[in-house]
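Notes to accompany the following structure.
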4 protein chains.
Amino acid sequence: MTLWGGRFEQPTADLLRQLGDSIGFDWQLYRQDIAGSIAYAGALAGAGVITPGERDALAGGLRQVRDEFDRGAFEFAPGDEDIHTAVERRLHEIVGPVAGKLHTGRSRNDQIATDTRLWALEAIAAAQAGIHDLAAALVDLAAPHTETLMPGFTHLQPAQPVSFAHWLMSHFWPLTRDHDRFADCARRTAVSPLGAGALAGNPYPIDRAALAKSLGFAAVAQNSLDAVADRDFVAEYLFDAALLGVHLSRFAEDVIIYTNPAFGWLRLGEPYTTGSSLMPQKRNPDSMEITRGKSARLIGHVTTLLAVLKGTPTSYDKDLQEDKEPLFDAAHTLRLLLPLMAGVVRSLEPNPARMRAALDPAMLATDLADYLVARGAPFRRAHELAGHAVRAAEARGVALDALTAADLRAISLEFGDDVTAVFDFDRSVAQRAAIGGAAPAAVRAQIEAAREWLAARGADSA
Amino acid sequence: MTLWGGRFEQPTADLLRQLGDSIGFDWQLYRQDIAGSIAYAGALAGAGVITPGERDALAGGLRQVRDEFDRGAFEFAPGDEDIHTAVERRLHEIVGPVAGKLHTGRSRNDQIATDTRLWALEAIAAAQAGIHDLAAALVDLAAPHTETLMPGFTHLQPAQPVSFAHWLMSHFWPLTRDHDRFADCARRTAVSPLGAGALAGNPYPIDRAALAKSLGFAAVAQNSLDAVADRDFVAEYLFDAALLGVHLSRFAEDVIIYTNPAFGWLRLGEPYTTGSSLMPQKRNPDSMEITRGKSARLIGHVTTLLAVLKGTPTSYDKDLQEDKEPLFDAAHTLRLLLPLMAGVVRSLEPNPARMRAALDPAMLATDLADYLVARGAPFRRAHELAGHAVRAAEARGVALDALTAADLRAISLEFGDDVTAVFDFDRSVAQRAAIGGAAPAAVRAQIEAAREWLAARGADSA
Amino acid sequence: MTLWGGRFEQPTADLLRQLGDSIGFDWQLYRQDIAGSIAYAGALAGAGVITPGERDALAGGLRQVRDEFDRGAFEFAPGDEDIHTAVERRLHEIVGPVAGKLHTGRSRNDQIATDTRLWALEAIAAAQAGIHDLAAALVDLAAPHTETLMPGFTHLQPAQPVSFAHWLMSHFWPLTRDHDRFADCARRTAVSPLGAGALAGNPYPIDRAALAKSLGFAAVAQNSLDAVADRDFVAEYLFDAALLGVHLSRFAEDVIIYTNPAFGWLRLGEPYTTGSSLMPQKRNPDSMEITRGKSARLIGHVTTLLAVLKGTPTSYDKDLQEDKEPLFDAAHTLRLLLPLMAGVVRSLEPNPARMRAALDPAMLATDLADYLVARGAPFRRAHELAGHAVRAAEARGVALDALTAADLRAISLEFGDDVTAVFDFDRSVAQRAAIGGAAPAAVRAQIEAAREWLAARGADSA
Amino acid sequence: MTLWGGRFEQPTADLLRQLGDSIGFDWQLYRQDIAGSIAYAGALAGAGVITPGERDALAGGLRQVRDEFDRGAFEFAPGDEDIHTAVERRLHEIVGPVAGKLHTGRSRNDQIATDTRLWALEAIAAAQAGIHDLAAALVDLAAPHTETLMPGFTHLQPAQPVSFAHWLMSHFWPLTRDHDRFADCARRTAVSPLGAGALAGNPYPIDRAALAKSLGFAAVAQNSLDAVADRDFVAEYLFDAALLGVHLSRFAEDVIIYTNPAFGWLRLGEPYTTGSSLMPQKRNPDSMEITRGKSARLIGHVTTLLAVLKGTPTSYDKDLQEDKEPLFDAAHTLRLLLPLMAGVVRSLEPNPARMRAALDPAMLATDLADYLVARGAPFRRAHELAGHAVRAAEARGVALDALTAADLRAISLEFGDDVTAVFDFDRSVAQRAAIGGAAPAAVRAQIEAAREWLAARGADSA
């Protein structure tokens, strides 16, 4: 039984059923679909289209269907091409012909848009909760390490010393932007299409505003054609997920490099690594590589949906059905990936000794230049003289801090006898004390700000 | 002259110069770069690093450089690998060695991030203004056409009658979402990285908050590593542009189809069409096809940047330079595409007679079902009987409204003698009066709401 | 039981299992995995690493495992993280400890690469067979319609008359390119990685060339690091699938437009359309819209894999596991989409009368220009004069062929009294007789060439 | 002057000109456009449409135009909307009205398709030459290093020892596949669309086959609608470029990691690095990061074009113009990137001592297992016991080779007294002697095969 067979004489091609039927994935919308139907029955009763008794019969039947799904007891029938058909078919079995009144003035076009938005709102909240927990884990790990120094890189080359805490926090702030973007997406998702009908609106005097409110929507779609065609919220969700994935991937990339024995700065908890079927000694950072790989998949999803949408003319087209699997897969991926990453962070064991051992005095060349600036040299000249010092040390095959004040004064008399005090990593870091800098005090302030951000967005206030 | 040659003995490979030098496109940042430098000179003076006199000399010199750019009089030199180098080189020629003090504590890493954000903020404002103007054009064209009926499509097949105004407005609301998304993007873009240095922060006591404010930023980046690495705002801009492009493309697709002579519903103004070098009669909707094609390009740009970012480890990497060309190209595309579309809309000539002639009584089959619902039939049964009526008309090779009440009663006695009153397109449309529906009254209310939206976001309040 | 637990003390995190275990999709490789293992047992025996008796025991056990899979009787166990583990675990249950010898010198890295290549070769052959059948359906439909005229479009605007056969054949030739591309992909896929070990090669004297041959490979991978890292063949398959999808989508786009009642040129067989849950009269071209939508998904897949691969360093990384789902999904999609399209083509009912009615004499303007060329005018001048004729007819509100010879001579005396003979659609088409042109004779020759192409690539010679 | 203005009364909108005019980039096609026109003039003469004298006049004029372009002396005029218009306008100035005969039977649709294919064939040859040179550089660097050992990684974790040569060669073979793919692409590109007209074919008796041959094409497009619509060859070029980019990016990723001081395995030649404007000691691998970034851009290009093509209906649509910039940019990128990489390879200085120092005896754990296999243990059991050995060494905090035979026999008596002979990196590598393995002999054979491949594809035979 389809919901539309009245005028058709030939059955749908089997291949079209296999490609077009969405029940294989949209059954996941059952709670949203049923909530929408219960609310819609209420609206029909409010408009006098059905009686209160019919409304109650429908609502009761729908709750029973939901219960069957919840218990895993729902049995699909051959004609159940999508979740709407499945629910209505079963409802009919339970409550009889009155089931046929539920779809009055409604179309699967406004129905699926409603279901998907309700589902997306939950997916957004879940993503935000996952982000929040991961962000908290980063802060917790960072807090005791504001004075644990490690090389800071640009171009993956040693640049200036920073702290382990500062590096960890550099992966915290992107997450706050992700959280913020998801909040914006939720605002645009919480707009009710229900009552838009197939495309032209609802001919019954239903109260769309009240209907929207009863489902938790904040607003009502203003144009019925747009209401059934709009998948912007899915595209935006997918982009937000992809950019979040990029952030997780960048973090993973750092961890993969820092756990290589040449670095040895970090050790992943064993539960987050795997071994090899051939090489008994292996301890592979699979969790990080999967994260890196999955972020590519999230990029693919947003590409897919944008290409789908670009190709469609006005209002609803069947192509739009291709929004569901990317959305479901992205949400599923984030539901696993975010707590995985939080677990990884909580399992990370830093090796402060290896970090500090990797500090090379050449990373203090900027400090050498700053020393000259403090004595009046324009920075450009100071930079050049510091470069000469680096080259001199390299030519001799020694570290930069092996140069004596005399060596430096041989380069330029602008260097004073006190210049070698510059060769102190802790002093160097401590000087970067402006907001956002690597200095322990600045990082402590940063962590404080982060904690405030977290507190303002508790798991439930997300 | 590069800004970094001190320790190098061999020149940069010519191919690396060609691939790595960004001056070919980042000269467009000159105003932002100079504004940032003037502000930074102020911050250095505030911190006592340079004197007020030096600050004024630097600011004066920088204004002269800007003026040279504005007048097209700036002459590039061979070593000008990027806009920062070009400006500083020229500044040095103008003000002498004091130019060498400007870069104290600053890196090209925080500098380029600052420049790009300032530029992006202008691009966002420009996009919003363009959206606003296009949206206003749609409303103006729609207003007189709330009773100009045309077939509404789903699956590009006739579904139910709607009005030309309703169809136009279905392309208005997506633009409001775009405008809103750009506003969110601006909020996240208006965060100052200046003072983050190369990666570890600024060792001088500059006041980052005041510096940010003086440049029009609303906030300060909290982590220096993140500050130089963060290109989220570009990715978000590119996504917002791509989704806007998708909306323009969907509109273009409709227009292309509706201007085909088989439809003849619309005529594009001649300035928005082109002819053929071979076929003298041609009048091609190039403006719409270009729009459709450009939207693919915008999708490619967001894919590019996400793939760039995904592949980078901590902090600044040279890969990030690949953010610029997609950003510039997307902004340039929107700067042309949005006013082009507004011009197209203002040139559109609808053909109401062709639109109405395309209305097929079969589009009233739902009304036939609703008629039965009003007489007590469950919608599902009503839908089925209406389907039989459609099939009966098809079998006889006549339009649905050629069926008499007797014909319909032969299908089911649930049809009454008054049933043929249903066969009235205007009546059908008028019934879709719930919020967002196709009824003239509802569309007038919709247009009213649209005008309020426009008024609340005047060109300058965007 | 994992294949690698020896040195581990803590269990794998549940989330990592959920994200990292591939058994949920790679069970589909069971036939390839078992074929590879049987062949590898043979190679081990050939190298004297195991005895012929052990080889036979392993092969017998593996055949039993395959049989269990074939019958749907295979039971997965909790530790079966991938198809390799599942098969080896079950093999051990069947043949005892000798199962532990199968993996000698082999790694899951060369094993999965081998399995995937064998699977991809079958997917390529299936795609080629599907393309062949669809291509044949197009030719069969085209053959009787070389004189069925319809407007040919550029820019979706009437350009010059062509035949229905010519239009159909324009969708045939892209498929031949797809077929050809898949053949090239097969050539690069048929390279054996087996024997590459985890990354460094196989320490036993196995004969890789013979092993490859026994599995149907045409060549042997020359570098073990590359052998386990190379997923080019998957990327190439995905691109070939995406471009094929684009071709199907373009065809679908045409069909969707031509089945709109404003055209009415084509009617889809009912089994390839669906109805509406709200609108009883609907007959939606779902099959075509799904095709259009799925092609976006295929684009997303190739984007995903390129982004995955771009982010990986040397040799095997876990990210590579993300190749499987796009490959499987793309192949599954093509396995359904290609026969669906063939069914659609076989169900298509053209309406020659509507096609001819859509021919507008203005489409003969080029013929008018060619007429002048034949009388000595340079084409540019001829084009301009024909343009004036079009404008004259438009100004009078009549069709181009309503202009008399006198009317035309009023524009230019270069028009002769015989000029109106030009206003003949059949004559116009017949003139385009050069290879590949729209003339019936040329299209018949084209169809002949197509039939030769098909014959040279029978279903089994694909 | 446009080529199509005859019937138009209003000028093209300035914005449409800015967006639609292609002269800003397609001037690069001038040589191809002129070659095509000279050949077409020949075909027109062959068909008797123009006289031999006219043909010679046209050809002479066209050569003069080409010469002006070559010398940089060509002056564009305001109406030159594309290269075809510019050339024809100038031709008219030179040879007078006979210029107007050149376009007889030809359209810009078949013309641009022809130009682009000719240009793409050159771009393919250039890419192949660049690949060949880079591949040769890799082989040259590899040859003396078959016994220079370094850790081979999987999951970026030490796996088994390999040689520097073996690692280099793992980046050689992907290039051979790229070369092969470009060759396939060339085969499909070398098909002539000239003579397809605007869409329906050419009404003059031109010899398309001879015309194709005179331009160096290998075949003739069989369907005129397809001939003007087909951009598969561009999509294929872009995919081939993107996958090549991915290979270069993976190599770059390795180099970036191996040049970090924690590794110190490689040193990039100074011309391929850059410094920092702030940090005097920096030596950044910009060349490698740019390569990594550009590969993302190439991915974006293929996404763009697939999305463009997917959205177009039958035959030529203006959207197709969006093929040009991605093609030109991709080809330009490869023209710089490939020789840059070859230069990098030729500048690479390996540090064999650092490589060998990074070898960890735990990488011999597989050899320990193989030792047990040689003594009769099934590999699975051997793997487990070797895992215990690794754990025992870890527990004691010593390297694996610090375990004595007695220690190992305490784990299992299956270890013999000679077991410690296993702890020898050179011996380990030497055992991987099957084809494609890391053994010096196998790598020498590999290099030999590579040299044969190179010789068979000399710069000019590409």
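To be explicit about the labels: the chains of the structure tokens are called A, B, and onward in the order shown, and within each one the residues are counted from 1, while ligands get numbers from 1 in the order they are shown.
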
Problem set entry | Who sits within 6 Å of B:Val228, only C-alpha atoms, same chain under 6 positions skipped, as a ChimeraX atom specification | /B:109-110,316

For this session: Residues of chain D near chain A: apply a cut-off of 7 Å, count only C-alpha atoms, and supply the list as a PyMOL selection string.
Result: chain D and resi 155-157+159+260+262-263+278-282+284-285+307+311+362-363+365-366+383+386-387+390

Write out as a PDB file with N, CA and C atoms, in the first residue's frame each polymer residue whose atoms come within 12 Å of D:Leu194, counting only C-alpha atoms; drop sequence neighbours fewer than 5 positions from it.
ATOM      1  N   ALA C 434      27.213  16.347 -42.918  1.00  0.00           N
ATOM      2  CA  ALA C 434      28.600  15.974 -42.612  1.00  0.00           C
ATOM      3  C   ALA C 434      28.578  14.993 -41.438  1.00  0.00           C
ATOM      4  N   ILE C 435      29.677  14.256 -41.266  1.00  0.00           N
ATOM      5  CA  ILE C 435      29.765  13.266 -40.173  1.00  0.00           C
ATOM      6  C   ILE C 435      29.280  13.896 -38.874  1.00  0.00           C
ATOM      7  N   GLY C 436      28.422  13.175 -38.163  1.00  0.00           N
ATOM      8  CA  GLY C 436      27.994  13.649 -36.851  1.00  0.00           C
ATOM      9  C   GLY C 436      26.864  14.652 -36.904  1.00  0.00           C
ATOM     10  N   GLY C 437      26.401  15.010 -38.084  1.00  0.00           N
ATOM     11  CA  GLY C 437      25.343  15.999 -38.217  1.00  0.00           C
ATOM     12  C   GLY C 437      23.954  15.402 -38.007  1.00  0.00           C
TER      13      GLY C 437
ATOM     14  N   ASP D  33      43.199  28.813 -31.458  1.00  0.00           N
ATOM     15  CA  ASP D  33      42.071  29.373 -32.194  1.00  0.00           C
ATOM     16  C   ASP D  33      42.471  29.668 -33.634  1.00  0.00           C
ATOM     17  N   ALA D  35      45.068  28.357 -35.285  1.00  0.00           N
ATOM     18  CA  ALA D  35      45.348  27.105 -36.002  1.00  0.00           C
ATOM     19  C   ALA D  35      44.044  26.484 -36.490  1.00  0.00           C
ATOM     20  N   GLY D  36      43.035  26.496 -35.622  1.00  0.00           N
ATOM     21  CA  GLY D  36      41.743  25.940 -36.003  1.00  0.00           C
ATOM     22  C   GLY D  36      41.126  26.699 -37.167  1.00  0.00           C
ATOM     23  N   SER D  37      41.283  28.024 -37.158  1.00  0.00           N
ATOM     24  CA  SER D  37      40.690  28.823 -38.228  1.00  0.00           C
ATOM     25  C   SER D  37      41.412  28.626 -39.548  1.00  0.00           C
ATOM     26  N   ALA D  39      42.917  25.927 -40.446  1.00  0.00           N
ATOM     27  CA  ALA D  39      42.496  24.607 -40.932  1.00  0.00           C
ATOM     28  C   ALA D  39      41.070  24.669 -41.472  1.00  0.00           C
ATOM     29  N   TYR D  40      40.212  25.410 -40.785  1.00  0.00           N
ATOM     30  CA  TYR D  40      38.815  25.472 -41.223  1.00  0.00           C
ATOM     31  C   TYR D  40      38.702  26.190 -42.564  1.00  0.00           C
ATOM     32  N   ALA D  41      39.510  27.224 -42.764  1.00  0.00           N
ATOM     33  CA  ALA D  41      39.515  27.906 -44.057  1.00  0.00           C
ATOM     34  C   ALA D  41      39.893  26.914 -45.152  1.00  0.00           C
ATOM     35  N   ALA D  43      39.299  23.732 -45.067  1.00  0.00           N
ATOM     36  CA  ALA D  43      38.164  22.835 -45.271  1.00  0.00           C
ATOM     37  C   ALA D  43      37.078  23.516 -46.101  1.00  0.00           C
ATOM     38  N   HIS D 103      33.551  32.224 -40.856  1.00  0.00           N
ATOM     39  CA  HIS D 103      32.676  31.583 -39.869  1.00  0.00           C
ATOM     40  C   HIS D 103      31.550  30.787 -40.550  1.00  0.00           C
ATOM     41  N   GLY D 105      29.210  28.222 -41.543  1.00  0.00           N
ATOM     42  CA  GLY D 105      28.931  26.864 -41.082  1.00  0.00           C
ATOM     43  C   GLY D 105      29.567  26.533 -39.741  1.00  0.00           C
ATOM     44  N   ARG D 106      30.350  27.447 -39.242  1.00  0.00           N
ATOM     45  CA  ARG D 106      31.010  27.208 -37.969  1.00  0.00           C
ATOM     46  C   ARG D 106      30.323  28.022 -36.884  1.00  0.00           C
ATOM     47  N   SER D 107      30.402  27.568 -35.671  1.00  0.00           N
ATOM     48  CA  SER D 107      29.828  28.281 -34.528  1.00  0.00           C
ATOM     49  C   SER D 107      30.931  28.442 -33.490  1.00  0.00           C
ATOM     50  N   ARG D 108      30.731  29.388 -32.595  1.00  0.00           N
ATOM     51  CA  ARG D 108      31.703  29.464 -31.499  1.00  0.00           C
ATOM     52  C   ARG D 108      31.633  28.204 -30.635  1.00  0.00           C
ATOM     53  N   ASN D 109      30.524  27.476 -30.761  1.00  0.00           N
ATOM     54  CA  ASN D 109      30.385  26.258 -29.940  1.00  0.00           C
ATOM     55  C   ASN D 109      31.361  25.166 -30.358  1.00  0.00           C
ATOM     56  N   ASP D 110      31.452  24.894 -31.662  1.00  0.00           N
ATOM     57  CA  ASP D 110      32.438  23.876 -32.049  1.00  0.00           C
ATOM     58  C   ASP D 110      33.850  24.459 -32.024  1.00  0.00           C
ATOM     59  N   GLN D 111      33.926  25.773 -32.220  1.00  0.00           N
ATOM     60  CA  GLN D 111      35.227  26.433 -32.231  1.00  0.00           C
ATOM     61  C   GLN D 111      35.907  26.380 -30.858  1.00  0.00           C
ATOM     62  N   ILE D 112      35.163  26.731 -29.828  1.00  0.00           N
ATOM     63  CA  ILE D 112      35.780  26.750 -28.498  1.00  0.00           C
ATOM     64  C   ILE D 112      36.115  25.338 -28.031  1.00  0.00           C
ATOM     65  N   ALA D 113      35.260  24.385 -28.396  1.00  0.00           N
ATOM     66  CA  ALA D 113      35.557  22.993 -28.029  1.00  0.00           C
ATOM     67  C   ALA D 113      36.849  22.537 -28.696  1.00  0.00           C
ATOM     68  N   THR D 114      37.029  22.957 -29.931  1.00  0.00           N
ATOM     69  CA  THR D 114      38.255  22.601 -30.655  1.00  0.00           C
ATOM     70  C   THR D 114      39.478  23.252 -30.023  1.00  0.00           C
ATOM     71  N   ASP D 115      39.371  24.547 -29.777  1.00  0.00           N
ATOM     72  CA  ASP D 115      40.496  25.271 -29.170  1.00  0.00           C
ATOM     73  C   ASP D 115      40.907  24.633 -27.845  1.00  0.00           C
ATOM     74  N   THR D 116      39.906  24.356 -27.023  1.00  0.00           N
ATOM     75  CA  THR D 116      40.191  23.853 -25.681  1.00  0.00           C
ATOM     76  C   THR D 116      40.853  22.485 -25.740  1.00  0.00           C
ATOM     77  N   ARG D 117      40.394  21.661 -26.664  1.00  0.00           N
ATOM     78  CA  ARG D 117      41.017  20.335 -26.792  1.00  0.00           C
ATOM     79  C   ARG D 117      42.470  20.449 -27.243  1.00  0.00           C
ATOM     80  N   LEU D 118      42.716  21.326 -28.194  1.00  0.00           N
ATOM     81  CA  LEU D 118      44.104  21.485 -28.647  1.00  0.00           C
ATOM     82  C   LEU D 118      44.981  21.987 -27.505  1.00  0.00           C
ATOM     83  N   LEU D 199      25.265  23.076 -32.964  1.00  0.00           N
ATOM     84  CA  LEU D 199      24.720  21.895 -32.290  1.00  0.00           C
ATOM     85  C   LEU D 199      24.264  20.832 -33.270  1.00  0.00           C
ATOM     86  N   ALA D 200      23.935  21.241 -34.510  1.00  0.00           N
ATOM     87  CA  ALA D 200      23.238  20.320 -35.396  1.00  0.00           C
ATOM     88  C   ALA D 200      24.090  19.827 -36.543  1.00  0.00           C
ATOM     89  N   GLY D 201      25.337  20.246 -36.599  1.00  0.00           N
ATOM     90  CA  GLY D 201      26.208  19.808 -37.681  1.00  0.00           C
ATOM     91  C   GLY D 201      26.431  20.906 -38.693  1.00  0.00           C
ATOM     92  N   ASN D 202      27.231  20.576 -39.658  1.00  0.00           N
ATOM     93  CA  ASN D 202      27.647  21.554 -40.654  1.00  0.00           C
ATOM     94  C   ASN D 202      26.916  21.293 -41.966  1.00  0.00           C
ATOM     95  N   ILE D 206      31.986  19.885 -45.988  1.00  0.00           N
ATOM     96  CA  ILE D 206      33.383  19.866 -45.527  1.00  0.00           C
ATOM     97  C   ILE D 206      33.780  18.455 -45.138  1.00  0.00           C
ATOM     98  N   ASP D 207      35.074  18.178 -45.266  1.00  0.00           N
ATOM     99  CA  ASP D 207      35.590  16.845 -44.931  1.00  0.00           C
ATOM    100  C   ASP D 207      36.094  16.888 -43.493  1.00  0.00           C
ATOM    101  N   ARG D 208      35.205  16.493 -42.563  1.00  0.00           N
ATOM    102  CA  ARG D 208      35.571  16.610 -41.141  1.00  0.00           C
ATOM    103  C   ARG D 208      36.776  15.752 -40.781  1.00  0.00           C
ATOM    104  N   ALA D 209      36.883  14.604 -41.425  1.00  0.00           N
ATOM    105  CA  ALA D 209      37.989  13.708 -41.080  1.00  0.00           C
ATOM    106  C   ALA D 209      39.328  14.323 -41.472  1.00  0.00           C
ATOM    107  N   ALA D 210      39.375  14.866 -42.672  1.00  0.00           N
ATOM    108  CA  ALA D 210      40.624  15.495 -43.115  1.00  0.00           C
ATOM    109  C   ALA D 210      40.937  16.723 -42.264  1.00  0.00           C
ATOM    110  N   LEU D 211      39.890  17.460 -41.947  1.00  0.00           N
ATOM    111  CA  LEU D 211      40.053  18.653 -41.111  1.00  0.00           C
ATOM    112  C   LEU D 211      40.642  18.279 -39.745  1.00  0.00           C
ATOM    113  N   ALA D 212      40.091  17.225 -39.157  1.00  0.00           N
ATOM    114  CA  ALA D 212      40.590  16.747 -37.866  1.00  0.00           C
ATOM    115  C   ALA D 212      42.060  16.376 -37.974  1.00  0.00           C
ATOM    116  N   LYS D 213      42.367  15.628 -39.006  1.00  0.00           N
ATOM    117  CA  LYS D 213      43.738  15.156 -39.178  1.00  0.00           C
ATOM    118  C   LYS D 213      44.706  16.323 -39.324  1.00  0.00           C
ATOM    119  N   SER D 214      44.283  17.340 -40.068  1.00  0.00           N
ATOM    120  CA  SER D 214      45.173  18.476 -40.302  1.00  0.00           C
ATOM    121  C   SER D 214      45.491  19.211 -39.005  1.00  0.00           C
ATOM    122  N   LEU D 215      44.645  19.044 -38.001  1.00  0.00           N
ATOM    123  CA  LEU D 215      44.898  19.695 -36.713  1.00  0.00           C
ATOM    124  C   LEU D 215      45.562  18.755 -35.709  1.00  0.00           C
ATOM    125  N   PHE D 217      44.277  15.842 -34.677  1.00  0.00           N
ATOM    126  CA  PHE D 217      43.344  14.995 -33.938  1.00  0.00           C
ATOM    127  C   PHE D 217      43.399  13.574 -34.483  1.00  0.00           C
ATOM    128  N   ALA D 219      40.697  11.410 -34.138  1.00  0.00           N
ATOM    129  CA  ALA D 219      39.357  10.931 -34.478  1.00  0.00           C
ATOM    130  C   ALA D 219      38.401  12.111 -34.564  1.00  0.00           C
ATOM    131  N   VAL D 220      37.181  11.811 -34.997  1.00  0.00           N
ATOM    132  CA  VAL D 220      36.161  12.833 -35.202  1.00  0.00           C
ATOM    133  C   VAL D 220      34.976  12.537 -34.277  1.00  0.00           C
ATOM    134  N   ALA D 221      34.438  13.566 -33.613  1.00  0.00           N
ATOM    135  CA  ALA D 221      33.265  13.375 -32.751  1.00  0.00           C
ATOM    136  C   ALA D 221      32.082  12.934 -33.611  1.00  0.00           C
ATOM    137  N   GLN D 222      31.342  11.939 -33.141  1.00  0.00           N
ATOM    138  CA  GLN D 222      30.315  11.284 -33.949  1.00  0.00           C
ATOM    139  C   GLN D 222      28.926  11.904 -33.825  1.00  0.00           C
ATOM    140  N   ASN D 223      28.748  12.816 -32.886  1.00  0.00           N
ATOM    141  CA  ASN D 223      27.412  13.390 -32.690  1.00  0.00           C
ATOM    142  C   ASN D 223      27.583  14.866 -32.391  1.00  0.00           C
ATOM    143  N   SER D 224      26.966  15.686 -33.214  1.00  0.00           N
ATOM    144  CA  SER D 224      27.221  17.124 -33.099  1.00  0.00           C
ATOM    145  C   SER D 224      26.723  17.721 -31.785  1.00  0.00           C
ATOM    146  N   LEU D 225      25.609  17.208 -31.250  1.00  0.00           N
ATOM    147  CA  LEU D 225      25.116  17.728 -29.962  1.00  0.00           C
ATOM    148  C   LEU D 225      26.124  17.418 -28.862  1.00  0.00           C
ATOM    149  N   ASP D 226      26.608  16.189 -28.874  1.00  0.00           N
ATOM    150  CA  ASP D 226      27.609  15.779 -27.888  1.00  0.00           C
ATOM    151  C   ASP D 226      28.917  16.532 -28.097  1.00  0.00           C
ATOM    152  N   ALA D 227      29.261  16.768 -29.344  1.00  0.00           N
ATOM    153  CA  ALA D 227      30.554  17.403 -29.649  1.00  0.00           C
ATOM    154  C   ALA D 227      30.678  18.775 -28.996  1.00  0.00           C
ATOM    155  N   VAL D 228      29.581  19.530 -28.975  1.00  0.00           N
ATOM    156  CA  VAL D 228      29.665  20.876 -28.395  1.00  0.00           C
ATOM    157  C   VAL D 228      29.420  20.870 -26.886  1.00  0.00           C
TER     158      VAL D 228
END

For this session: Quick one: everything within 9 Å of A:Val345, counting only C-alpha atoms, minus sequence neighbours fewer than 5 positions away in the same chain. Send it as a ChimeraX atom specification.
Result: /A:134,137-138,141,268-269,340

Could you take the residues named above and write them with N, CA, C and O atoms, as a CSV table (one decimal), in the first residue's frame?
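Contents of result.csv, freshly written:
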chain,number,residue,atom,x,y,z
A,134,LEU,N,34.5,17.7,25.2
A,134,LEU,CA,35.9,17.6,24.7
A,134,LEU,C,36.6,18.9,25.1
A,134,LEU,O,37.8,18.8,25.5
A,137,ALA,N,37.7,18.7,28.6
A,137,ALA,CA,38.8,17.8,28.7
A,137,ALA,C,40.2,18.5,28.4
A,137,ALA,O,41.2,18.3,29.1
A,138,LEU,N,40.1,19.3,27.4
A,138,LEU,CA,41.3,20.0,27.0
A,138,LEU,C,41.8,21.0,28.1
A,138,LEU,O,43.0,21.1,28.4
A,141,LEU,N,43.3,19.1,31.0
A,141,LEU,CA,44.6,18.7,30.8
A,141,LEU,C,45.6,19.8,30.8
A,141,LEU,O,46.8,19.7,31.2
A,268,LEU,N,49.6,8.0,23.8
A,268,LEU,CA,48.2,7.8,23.8
A,268,LEU,C,47.9,6.7,24.7
A,268,LEU,O,48.6,5.7,24.8
A,269,GLY,N,46.8,6.8,25.4
A,269,GLY,CA,46.3,5.7,26.2
A,269,GLY,C,46.1,4.4,25.4
A,269,GLY,O,45.7,4.5,24.2
A,340,LEU,N,35.1,10.1,21.6
A,340,LEU,CA,36.4,9.4,21.4
A,340,LEU,C,37.5,10.4,21.6
A,340,LEU,O,38.5,10.0,22.3

For this session: Please run DSSP on the backbone and report, as JSON, numbers by chain, all residues within stretch 143-310 of chain D that come out as strand (DSSP E).
Result: {"D": [149, 150, 151, 152, 153, 154, 157, 158, 159, 160, 161, 162, 163, 191, 192, 219, 220, 266, 267]}
